[in-house]
>>> print(open('upload_29.cif').read())   # mmCIF, C-alpha atoms
data_input
loop_
_atom_site.group_PDB
_atom_site.id
_atom_site.type_symbol
_atom_site.label_atom_id
_atom_site.label_comp_id
_atom_site.auth_asym_id
_atom_site.auth_seq_id
_atom_site.Cartn_x
_atom_site.Cartn_y
_atom_site.Cartn_z
ATOM 1 C CA MET A 1 47.149 41.480 93.312
ATOM 2 C CA ILE A 2 49.512 38.861 91.929
ATOM 3 C CA ARG A 3 51.342 37.233 94.832
ATOM 4 C CA VAL A 4 54.973 36.328 94.073
ATOM 5 C CA LEU A 5 57.419 34.125 95.967
ATOM 6 C CA ILE A 6 61.134 34.581 95.186
ATOM 7 C CA VAL A 7 63.424 31.586 95.726
ATOM 8 C CA ASP A 8 67.191 32.019 95.407
ATOM 9 C CA ASP A 9 70.083 31.218 97.737
ATOM 10 C CA GLU A 10 71.717 34.552 96.894
ATOM 11 C CA ARG A 11 70.037 37.163 99.066
ATOM 12 C CA MET A 12 71.251 39.966 96.819
ATOM 13 C CA VAL A 13 69.413 38.387 93.866
ATOM 14 C CA CYS A 14 66.256 38.185 95.981
ATOM 15 C CA ALA A 15 66.613 41.838 96.949
ATOM 16 C CA GLN A 16 67.105 42.899 93.327
ATOM 17 C CA LEU A 17 64.059 40.941 92.173
ATOM 18 C CA ARG A 18 61.949 42.366 95.000
ATOM 19 C CA THR A 19 62.993 45.890 93.994
ATOM 20 C CA ILE A 20 62.147 45.247 90.338
ATOM 21 C CA LEU A 21 58.730 43.751 91.059
ATOM 22 C CA SER A 22 57.798 46.424 93.610
ATOM 23 C CA VAL A 23 57.520 48.938 90.771
ATOM 24 C CA ALA A 24 54.372 47.203 89.499
ATOM 25 C CA GLU A 25 51.188 48.128 91.372
ATOM 26 C CA ASP A 26 49.567 44.755 90.670
ATOM 27 C CA LEU A 27 52.463 42.624 91.973
ATOM 28 C CA VAL A 28 53.409 41.935 95.574
ATOM 29 C CA VAL A 29 56.336 39.838 96.813
ATOM 30 C CA VAL A 30 54.836 37.874 99.693
ATOM 31 C CA ALA A 31 58.034 36.116 100.763
ATOM 32 C CA GLU A 32 61.579 35.085 99.949
ATOM 33 C CA ALA A 33 63.071 31.617 100.380
ATOM 34 C CA TYR A 34 66.712 30.593 100.195
ATOM 35 C CA ASP A 35 66.493 26.879 99.469
ATOM 36 C CA GLY A 36 63.982 24.356 98.179
ATOM 37 C CA ALA A 37 62.700 23.272 101.594
ATOM 38 C CA GLU A 38 61.948 26.874 102.553
ATOM 39 C CA ALA A 39 60.266 27.350 99.174
ATOM 40 C CA VAL A 40 57.826 24.488 99.777
ATOM 41 C CA GLU A 41 56.996 25.816 103.252
ATOM 42 C CA ALA A 42 56.526 29.338 101.869
ATOM 43 C CA VAL A 43 54.102 28.094 99.203
ATOM 44 C CA VAL A 44 51.969 26.478 101.914
ATOM 45 C CA ARG A 45 52.130 29.533 104.172
ATOM 46 C CA HIS A 46 51.754 32.390 101.652
ATOM 47 C CA ARG A 47 49.811 30.844 98.733
ATOM 48 C CA PRO A 48 51.626 32.706 95.949
ATOM 49 C CA HIS A 49 50.307 32.794 92.392
ATOM 50 C CA VAL A 50 53.805 32.741 90.874
ATOM 51 C CA VAL A 51 57.096 31.330 92.189
ATOM 52 C CA LEU A 52 60.378 32.563 90.704
ATOM 53 C CA MET A 53 62.649 29.585 91.372
ATOM 54 C CA ASP A 54 66.410 29.260 91.164
ATOM 55 C CA LEU A 55 67.587 25.692 90.491
ATOM 56 C CA HIS A 56 71.056 25.574 92.024
ATOM 57 C CA MET A 57 70.754 25.886 95.797
ATOM 58 C CA PRO A 58 72.369 24.094 98.738
ATOM 59 C CA GLY A 59 70.310 21.528 100.619
ATOM 60 C CA VAL A 60 67.032 20.929 98.796
ATOM 61 C CA ASP A 61 67.513 22.243 95.261
ATOM 62 C CA GLY A 62 65.000 23.828 92.922
ATOM 63 C CA LEU A 63 64.213 20.591 91.083
ATOM 64 C CA ALA A 64 63.121 18.817 94.255
ATOM 65 C CA ALA A 65 61.059 21.832 95.260
ATOM 66 C CA ILE A 66 59.319 22.003 91.870
ATOM 67 C CA GLU A 67 58.473 18.310 92.034
ATOM 68 C CA HIS A 68 56.984 18.732 95.519
ATOM 69 C CA ILE A 69 55.047 21.907 94.685
ATOM 70 C CA ALA A 70 53.567 20.343 91.529
ATOM 71 C CA ARG A 71 51.789 17.785 93.720
ATOM 72 C CA PHE A 72 49.855 20.452 95.653
ATOM 73 C CA PRO A 73 46.197 21.042 94.768
ATOM 74 C CA ALA A 74 46.040 24.077 92.456
ATOM 75 C CA PRO A 75 49.799 24.708 92.650
ATOM 76 C CA PRO A 76 51.292 28.105 91.821
ATOM 77 C CA LYS A 77 52.995 28.695 88.494
ATOM 78 C CA VAL A 78 56.696 28.016 88.957
ATOM 79 C CA VAL A 79 59.004 29.939 86.638
ATOM 80 C CA VAL A 80 62.643 28.870 86.634
ATOM 81 C CA LEU A 81 65.240 31.621 86.899
ATOM 82 C CA THR A 82 68.539 30.472 85.464
ATOM 83 C CA THR A 83 71.905 31.635 84.205
ATOM 84 C CA PHE A 84 71.576 28.666 81.835
ATOM 85 C CA ASP A 85 74.903 27.044 82.513
ATOM 86 C CA ARG A 86 73.295 23.591 82.583
ATOM 87 C CA ASP A 87 70.654 22.802 79.937
ATOM 88 C CA GLY A 88 69.845 19.451 81.541
ATOM 89 C CA TYR A 89 68.606 21.046 84.759
ATOM 90 C CA VAL A 90 66.106 23.233 82.911
ATOM 91 C CA LEU A 91 64.920 20.281 80.832
ATOM 92 C CA ARG A 92 64.306 18.354 84.029
ATOM 93 C CA ALA A 93 62.455 21.292 85.585
ATOM 94 C CA MET A 94 60.133 21.464 82.583
ATOM 95 C CA SER A 95 59.412 17.753 82.803
ATOM 96 C CA LEU A 96 58.537 18.154 86.494
ATOM 97 C CA GLY A 97 55.930 20.807 85.751
ATOM 98 C CA ALA A 98 57.645 24.198 85.706
ATOM 99 C CA ALA A 99 55.554 26.722 83.772
ATOM 100 C CA GLY A 100 58.532 28.253 82.009
ATOM 101 C CA PHE A 101 61.996 29.661 82.394
ATOM 102 C CA LEU A 102 63.696 33.032 82.229
ATOM 103 C CA LEU A 103 67.302 34.093 82.188
ATOM 104 C CA LYS A 104 68.437 36.053 85.226
ATOM 105 C CA ASP A 105 69.482 38.951 83.020
ATOM 106 C CA THR A 106 65.934 39.434 81.682
ATOM 107 C CA PRO A 107 65.283 43.217 81.509
ATOM 108 C CA PRO A 108 63.186 44.479 84.458
ATOM 109 C CA GLU A 109 60.246 45.645 82.354
ATOM 110 C CA ASP A 110 60.130 42.268 80.596
ATOM 111 C CA LEU A 111 60.307 40.398 83.898
ATOM 112 C CA ILE A 112 57.278 42.250 85.248
ATOM 113 C CA GLY A 113 55.267 41.526 82.112
ATOM 114 C CA LEU A 114 56.243 37.863 82.088
ATOM 115 C CA VAL A 115 55.251 37.379 85.727
ATOM 116 C CA ARG A 116 51.802 38.657 84.740
ATOM 117 C CA VAL A 117 51.733 36.244 81.797
ATOM 118 C CA ALA A 118 52.631 33.329 84.076
ATOM 119 C CA ALA A 119 49.937 34.327 86.569
ATOM 120 C CA ASP A 120 47.391 34.199 83.743
ATOM 121 C CA GLY A 121 48.298 30.556 83.185
ATOM 122 C CA HIS A 122 50.474 30.932 80.103
ATOM 123 C CA THR A 123 53.903 29.434 79.529
ATOM 124 C CA VAL A 124 56.786 31.840 80.049
ATOM 125 C CA LEU A 125 59.834 31.311 77.861
ATOM 126 C CA SER A 126 63.059 33.144 77.179
ATOM 127 C CA PRO A 127 63.356 32.979 73.347
ATOM 128 C CA ALA A 128 67.141 32.573 73.237
ATOM 129 C CA ALA A 129 67.059 29.898 75.898
ATOM 130 C CA THR A 130 64.186 28.118 74.132
ATOM 131 C CA ARG A 131 66.316 27.566 71.050
ATOM 132 C CA ARG A 132 69.083 26.074 73.190
ATOM 133 C CA LEU A 133 66.656 23.861 75.068
ATOM 134 C CA LEU A 134 65.117 22.449 71.910
ATOM 135 C CA THR A 135 68.565 21.703 70.544
ATOM 136 C CA ALA A 136 69.613 20.043 73.796
ATOM 137 C CA SER A 137 66.454 17.925 73.896
ATOM 138 C CA ALA A 138 66.609 16.740 70.292
ATOM 139 C CA GLY A 139 65.944 13.028 70.359
ATOM 140 C CA HIS A 140 68.372 10.349 69.206
ATOM 141 C CA GLY A 141 68.051 6.585 69.216
ATOM 142 C CA ALA A 142 66.015 5.193 72.093
ATOM 143 C CA THR A 143 64.936 8.655 73.262
ATOM 144 C CA ARG A 144 63.418 9.422 69.892
ATOM 145 C CA GLU A 145 61.711 6.036 69.693
ATOM 146 C CA ARG A 146 60.074 6.571 73.087
ATOM 147 C CA ALA A 147 58.894 10.028 72.063
ATOM 148 C CA LEU A 148 57.479 8.703 68.776
ATOM 149 C CA ALA A 149 55.611 5.998 70.673
ATOM 150 C CA ARG A 150 54.032 8.637 72.918
ATOM 151 C CA ILE A 151 52.683 10.631 69.970
ATOM 152 C CA ALA A 152 51.599 7.612 67.900
ATOM 153 C CA ASP A 153 47.901 8.138 68.709
ATOM 154 C CA LEU A 154 47.832 11.794 67.713
ATOM 155 C CA THR A 155 45.978 12.814 64.569
ATOM 156 C CA ASP A 156 47.909 14.383 61.694
ATOM 157 C CA ARG A 157 46.536 17.816 62.639
ATOM 158 C CA GLU A 158 47.590 17.340 66.256
ATOM 159 C CA VAL A 159 51.081 16.412 65.092
ATOM 160 C CA GLU A 160 51.188 19.625 63.049
ATOM 161 C CA VAL A 161 50.228 21.634 66.123
ATOM 162 C CA LEU A 162 52.772 19.753 68.241
ATOM 163 C CA THR A 163 55.467 20.500 65.668
ATOM 164 C CA CYS A 164 54.640 24.201 65.863
ATOM 165 C CA LEU A 165 54.921 24.067 69.652
ATOM 166 C CA GLY A 166 58.322 22.483 69.184
ATOM 167 C CA GLU A 167 59.316 25.531 67.157
ATOM 168 C CA GLY A 168 58.208 27.809 69.977
ATOM 169 C CA LEU A 169 55.299 29.382 68.083
ATOM 170 C CA SER A 170 52.455 31.166 69.847
ATOM 171 C CA ASN A 171 48.832 30.181 69.269
ATOM 172 C CA ALA A 172 48.400 33.182 66.981
ATOM 173 C CA LYS A 173 51.359 32.184 64.802
ATOM 174 C CA ILE A 174 50.234 28.544 64.691
ATOM 175 C CA ALA A 175 46.777 29.691 63.597
ATOM 176 C CA ARG A 176 48.248 31.702 60.748
ATOM 177 C CA ARG A 177 50.480 28.855 59.630
ATOM 178 C CA LEU A 178 47.706 26.238 59.666
ATOM 179 C CA TYR A 179 44.930 28.567 58.437
ATOM 180 C CA LEU A 180 42.804 27.949 61.526
ATOM 181 C CA SER A 181 41.330 30.264 64.143
ATOM 182 C CA GLU A 182 43.283 31.008 67.289
ATOM 183 C CA ALA A 183 40.422 29.562 69.361
ATOM 184 C CA THR A 184 40.663 26.307 67.411
ATOM 185 C CA ILE A 185 44.408 26.104 68.039
ATOM 186 C CA LYS A 186 43.872 26.729 71.749
ATOM 187 C CA SER A 187 41.381 23.857 71.798
ATOM 188 C CA TYR A 188 43.805 21.570 69.958
ATOM 189 C CA VAL A 189 46.596 22.383 72.395
ATOM 190 C CA SER A 190 44.403 21.772 75.455
ATOM 191 C CA ARG A 191 43.137 18.407 74.174
ATOM 192 C CA MET A 192 46.603 17.345 73.103
ATOM 193 C CA LEU A 193 48.129 18.101 76.515
ATOM 194 C CA VAL A 194 45.476 15.921 78.135
ATOM 195 C CA LYS A 195 45.995 13.122 75.622
ATOM 196 C CA LEU A 196 49.766 13.164 76.148
ATOM 197 C CA GLY A 197 49.560 13.576 79.919
ATOM 198 C CA LEU A 198 51.553 16.828 79.848
ATOM 199 C CA SER A 199 51.227 19.841 82.125
ATOM 200 C CA ASN A 200 52.003 22.669 79.720
ATOM 201 C CA ARG A 201 52.998 23.610 76.179
ATOM 202 C CA THR A 202 56.667 23.779 77.141
ATOM 203 C CA GLN A 203 56.653 20.059 77.856
ATOM 204 C CA ALA A 204 54.851 19.509 74.544
ATOM 205 C CA GLY A 205 57.519 21.471 72.707
ATOM 206 C CA LEU A 206 60.273 19.421 74.293
ATOM 207 C CA LEU A 207 58.462 16.196 73.360
ATOM 208 C CA ALA A 208 58.236 17.417 69.761
ATOM 209 C CA SER A 209 61.977 18.016 69.747
ATOM 210 C CA GLU A 210 62.698 14.591 71.260
ATOM 211 C CA ALA A 211 60.526 12.997 68.565
ATOM 212 C CA GLY A 212 62.466 14.783 65.843
ATOM 213 C CA LEU A 213 59.493 16.822 64.648
ATOM 214 C CA THR A 214 61.301 20.129 64.631
ATOM 215 C CA GLY A 215 63.721 21.257 61.927
ATOM 216 C CA ALA A 216 64.068 18.984 58.937
ATOM 217 C CA ALA A 217 62.943 15.864 60.777
ATOM 218 C CA ARG A 218 59.322 14.839 60.560
ATOM 219 C CA ARG A 219 57.131 12.110 61.903
ATOM 220 C CA PRO A 220 57.510 8.923 59.868
ATOM 221 C CA ARG A 221 54.485 7.896 57.809
#
>>> encode(input="upload_29.cif", output="structure tokens")
Amino acid sequence: MIRVLIVDDERMVCAQLRTILSVAEDLVVVAEAYDGAEAVEAVVRHRPHVVLMDLHMPGVDGLAAIEHIARFPAPPKVVVLTTFDRDGYVLRAMSLGAAGFLLKDTPPEDLIGLVRVAADGHTVLSPAATRRLLTASAGHGATRERALARIADLTDREVEVLTCLGEGLSNAKIARRLYLSEATIKSYVSRMLVKLGLSNRTQAGLLASEAGLTGAARRPR
């Protein structure tokens, strides 16, 4: 069973999510929390595999909770639930180690499938929100220079893979674009995350955007 913790200060939202997830036989909601402090305590007490985390809550917010949870040994996968009124908050959540983000109006059947994907260790992204995030994170000036410095030691092939991550491509699509096997791409991504000190491919995609690798911009030669 995949153990899920729901964190949202609106109890009606928690109830709706619990109802949606209860349809799936392999998912169980182990607890609800209504602010970030309760979320941290619930992670310790219930050991969920996946945490669905709102960001805007009174008291300890979702960002502080994500930062705290990320420091636990073998932390659960935290997926941000957002209405996406503030791009900066989601960007910050990704940098703190969130495994992905979903819009609160995600269809129920999609939500169930994406919780399973997150539990398997994969990044969970809302496609429409991804495009907005990459636009919001596009690097300019000092931000871009810092991002370019971070990727300076990557090989040309690693930069190509990073660029594809910045475009939100899956491993299968990257493999087709670069004429490599999917297993090879998975290996490249894993090594690159370690080299860059990143937690997941979402953070890598944001770094690619900050460095100007996506769109028409490319890494200077």
>>> resolve_selection(input="upload_29.cif", expression="the PyMOL selection byres ((chain A and resi 211) around 8)", output="PDB file with C-alpha atoms, keeping the file's coordinate frame")
ATOM      1  CA  ALA A 138      66.609  16.740  70.292  1.00  0.00           C
ATOM      2  CA  GLY A 139      65.944  13.028  70.359  1.00  0.00           C
ATOM      3  CA  THR A 143      64.936   8.655  73.262  1.00  0.00           C
ATOM      4  CA  ARG A 144      63.418   9.422  69.892  1.00  0.00           C
ATOM      5  CA  GLU A 145      61.711   6.036  69.693  1.00  0.00           C
ATOM      6  CA  ARG A 146      60.074   6.571  73.087  1.00  0.00           C
ATOM      7  CA  ALA A 147      58.894  10.028  72.063  1.00  0.00           C
ATOM      8  CA  LEU A 148      57.479   8.703  68.776  1.00  0.00           C
ATOM      9  CA  LEU A 207      58.462  16.196  73.360  1.00  0.00           C
ATOM     10  CA  ALA A 208      58.236  17.417  69.761  1.00  0.00           C
ATOM     11  CA  SER A 209      61.977  18.016  69.747  1.00  0.00           C
ATOM     12  CA  GLU A 210      62.698  14.591  71.260  1.00  0.00           C
ATOM     13  CA  GLY A 212      62.466  14.783  65.843  1.00  0.00           C
ATOM     14  CA  LEU A 213      59.493  16.822  64.648  1.00  0.00           C
ATOM     15  CA  ARG A 219      57.131  12.110  61.903  1.00  0.00           C
TER      16      ARG A 219
END
>>> resolve_selection(input="upload_29.cif", expression="the PyMOL selection byres ((chain A and resi 38) around 12)", output="mmCIF file with C-alpha atoms, keeping the file's coordinate frame")
data_model
loop_
_atom_site.group_PDB
_atom_site.id
_atom_site.type_symbol
_atom_site.label_atom_id
_atom_site.label_comp_id
_atom_site.auth_asym_id
_atom_site.auth_seq_id
_atom_site.Cartn_x
_atom_site.Cartn_y
_atom_site.Cartn_z
ATOM 1 C CA LEU A 5 57.419 34.125 95.967
ATOM 2 C CA ILE A 6 61.134 34.581 95.186
ATOM 3 C CA VAL A 7 63.424 31.586 95.726
ATOM 4 C CA ASP A 8 67.191 32.019 95.407
ATOM 5 C CA ASP A 9 70.083 31.218 97.737
ATOM 6 C CA ALA A 31 58.034 36.116 100.763
ATOM 7 C CA GLU A 32 61.579 35.085 99.949
ATOM 8 C CA ALA A 33 63.071 31.617 100.380
ATOM 9 C CA TYR A 34 66.712 30.593 100.195
ATOM 10 C CA ASP A 35 66.493 26.879 99.469
ATOM 11 C CA GLY A 36 63.982 24.356 98.179
ATOM 12 C CA ALA A 37 62.700 23.272 101.594
ATOM 13 C CA ALA A 39 60.266 27.350 99.174
ATOM 14 C CA VAL A 40 57.826 24.488 99.777
ATOM 15 C CA GLU A 41 56.996 25.816 103.252
ATOM 16 C CA ALA A 42 56.526 29.338 101.869
ATOM 17 C CA VAL A 43 54.102 28.094 99.203
ATOM 18 C CA VAL A 44 51.969 26.478 101.914
ATOM 19 C CA ARG A 45 52.130 29.533 104.172
ATOM 20 C CA HIS A 46 51.754 32.390 101.652
ATOM 21 C CA MET A 53 62.649 29.585 91.372
ATOM 22 C CA MET A 57 70.754 25.886 95.797
ATOM 23 C CA PRO A 58 72.369 24.094 98.738
ATOM 24 C CA GLY A 59 70.310 21.528 100.619
ATOM 25 C CA VAL A 60 67.032 20.929 98.796
ATOM 26 C CA ASP A 61 67.513 22.243 95.261
ATOM 27 C CA GLY A 62 65.000 23.828 92.922
ATOM 28 C CA ALA A 64 63.121 18.817 94.255
ATOM 29 C CA ALA A 65 61.059 21.832 95.260
ATOM 30 C CA HIS A 68 56.984 18.732 95.519
ATOM 31 C CA ILE A 69 55.047 21.907 94.685
#
>>> closest_residue(input="upload_29.cif", among="A:Ile151, A:Cys164, A:Val13, A:Leu198", to="A:Asp105", atoms="all atoms listed in the file")
A:Val13
>>> axis_aligned_box(input="upload_29.cif", around="stretch 152-167 of chain A", padding_each_side="3 Å", output="lines of an AutoDock Vina configuration file")
center_x = 52.6
center_y = 16.6
center_z = 65.7
size_x = 19.3
size_y = 23.9
size_z = 14.0
>>> resolve_selection(input="upload_29.cif", expression="the PyMOL selection byres ((chain A and resi 175-191) around 12)", output="MDAnalysis selection string")
chainID A and resid 122 154:165 169:174 192:205
>>> closest_residue(input="upload_29.cif", among="A:Leu102, A:Leu96, A:Val4, A:Leu63", to="A:Asp26", atoms="only C-alpha atoms")
A:Val4
>>> atom_distance(input="upload_29.cif", atom1="atom CA of A:Val23", atom2="atom CA of A:Asp54")
21.6 Å
>>> atom_distance(input="upload_29.cif", atom1="atom CA of A:Glu109", atom2="atom CA of A:Ile20")
8.2 Å
>>> atom_distance(input="upload_29.cif", atom1="atom CA of A:His49", atom2="atom CA of A:Pro76")
4.8 Å
>>> residues_around(input="upload_29.cif", residues="A:Ser22", least_positions_apart="6", cutoff="12 Å", atoms="all atoms listed in the file", output="short mmCIF file (atom, residue, chain, number, x, y, z; two decimals) with C-alpha atoms, keeping the file's coordinate frame")
data_model
loop_
_atom_site.label_atom_id
_atom_site.label_comp_id
_atom_site.auth_asym_id
_atom_site.auth_seq_id
_atom_site.Cartn_x
_atom_site.Cartn_y
_atom_site.Cartn_z
CA MET A 1 47.15 41.48 93.31
CA ILE A 2 49.51 38.86 91.93
CA ARG A 3 51.34 37.23 94.83
CA VAL A 4 54.97 36.33 94.07
CA ALA A 15 66.61 41.84 96.95
CA GLN A 16 67.10 42.90 93.33
CA VAL A 28 53.41 41.94 95.57
CA VAL A 29 56.34 39.84 96.81
CA VAL A 30 54.84 37.87 99.69
CA PRO A 108 63.19 44.48 84.46
CA GLU A 109 60.25 45.64 82.35
CA LEU A 111 60.31 40.40 83.90
CA ILE A 112 57.28 42.25 85.25
#
>>> closest_residue(input="upload_29.cif", among="A:Ala24, A:Met12, A:Phe101, A:Ser95", to="A:Ala118", atoms="all atoms listed in the file")
A:Phe101
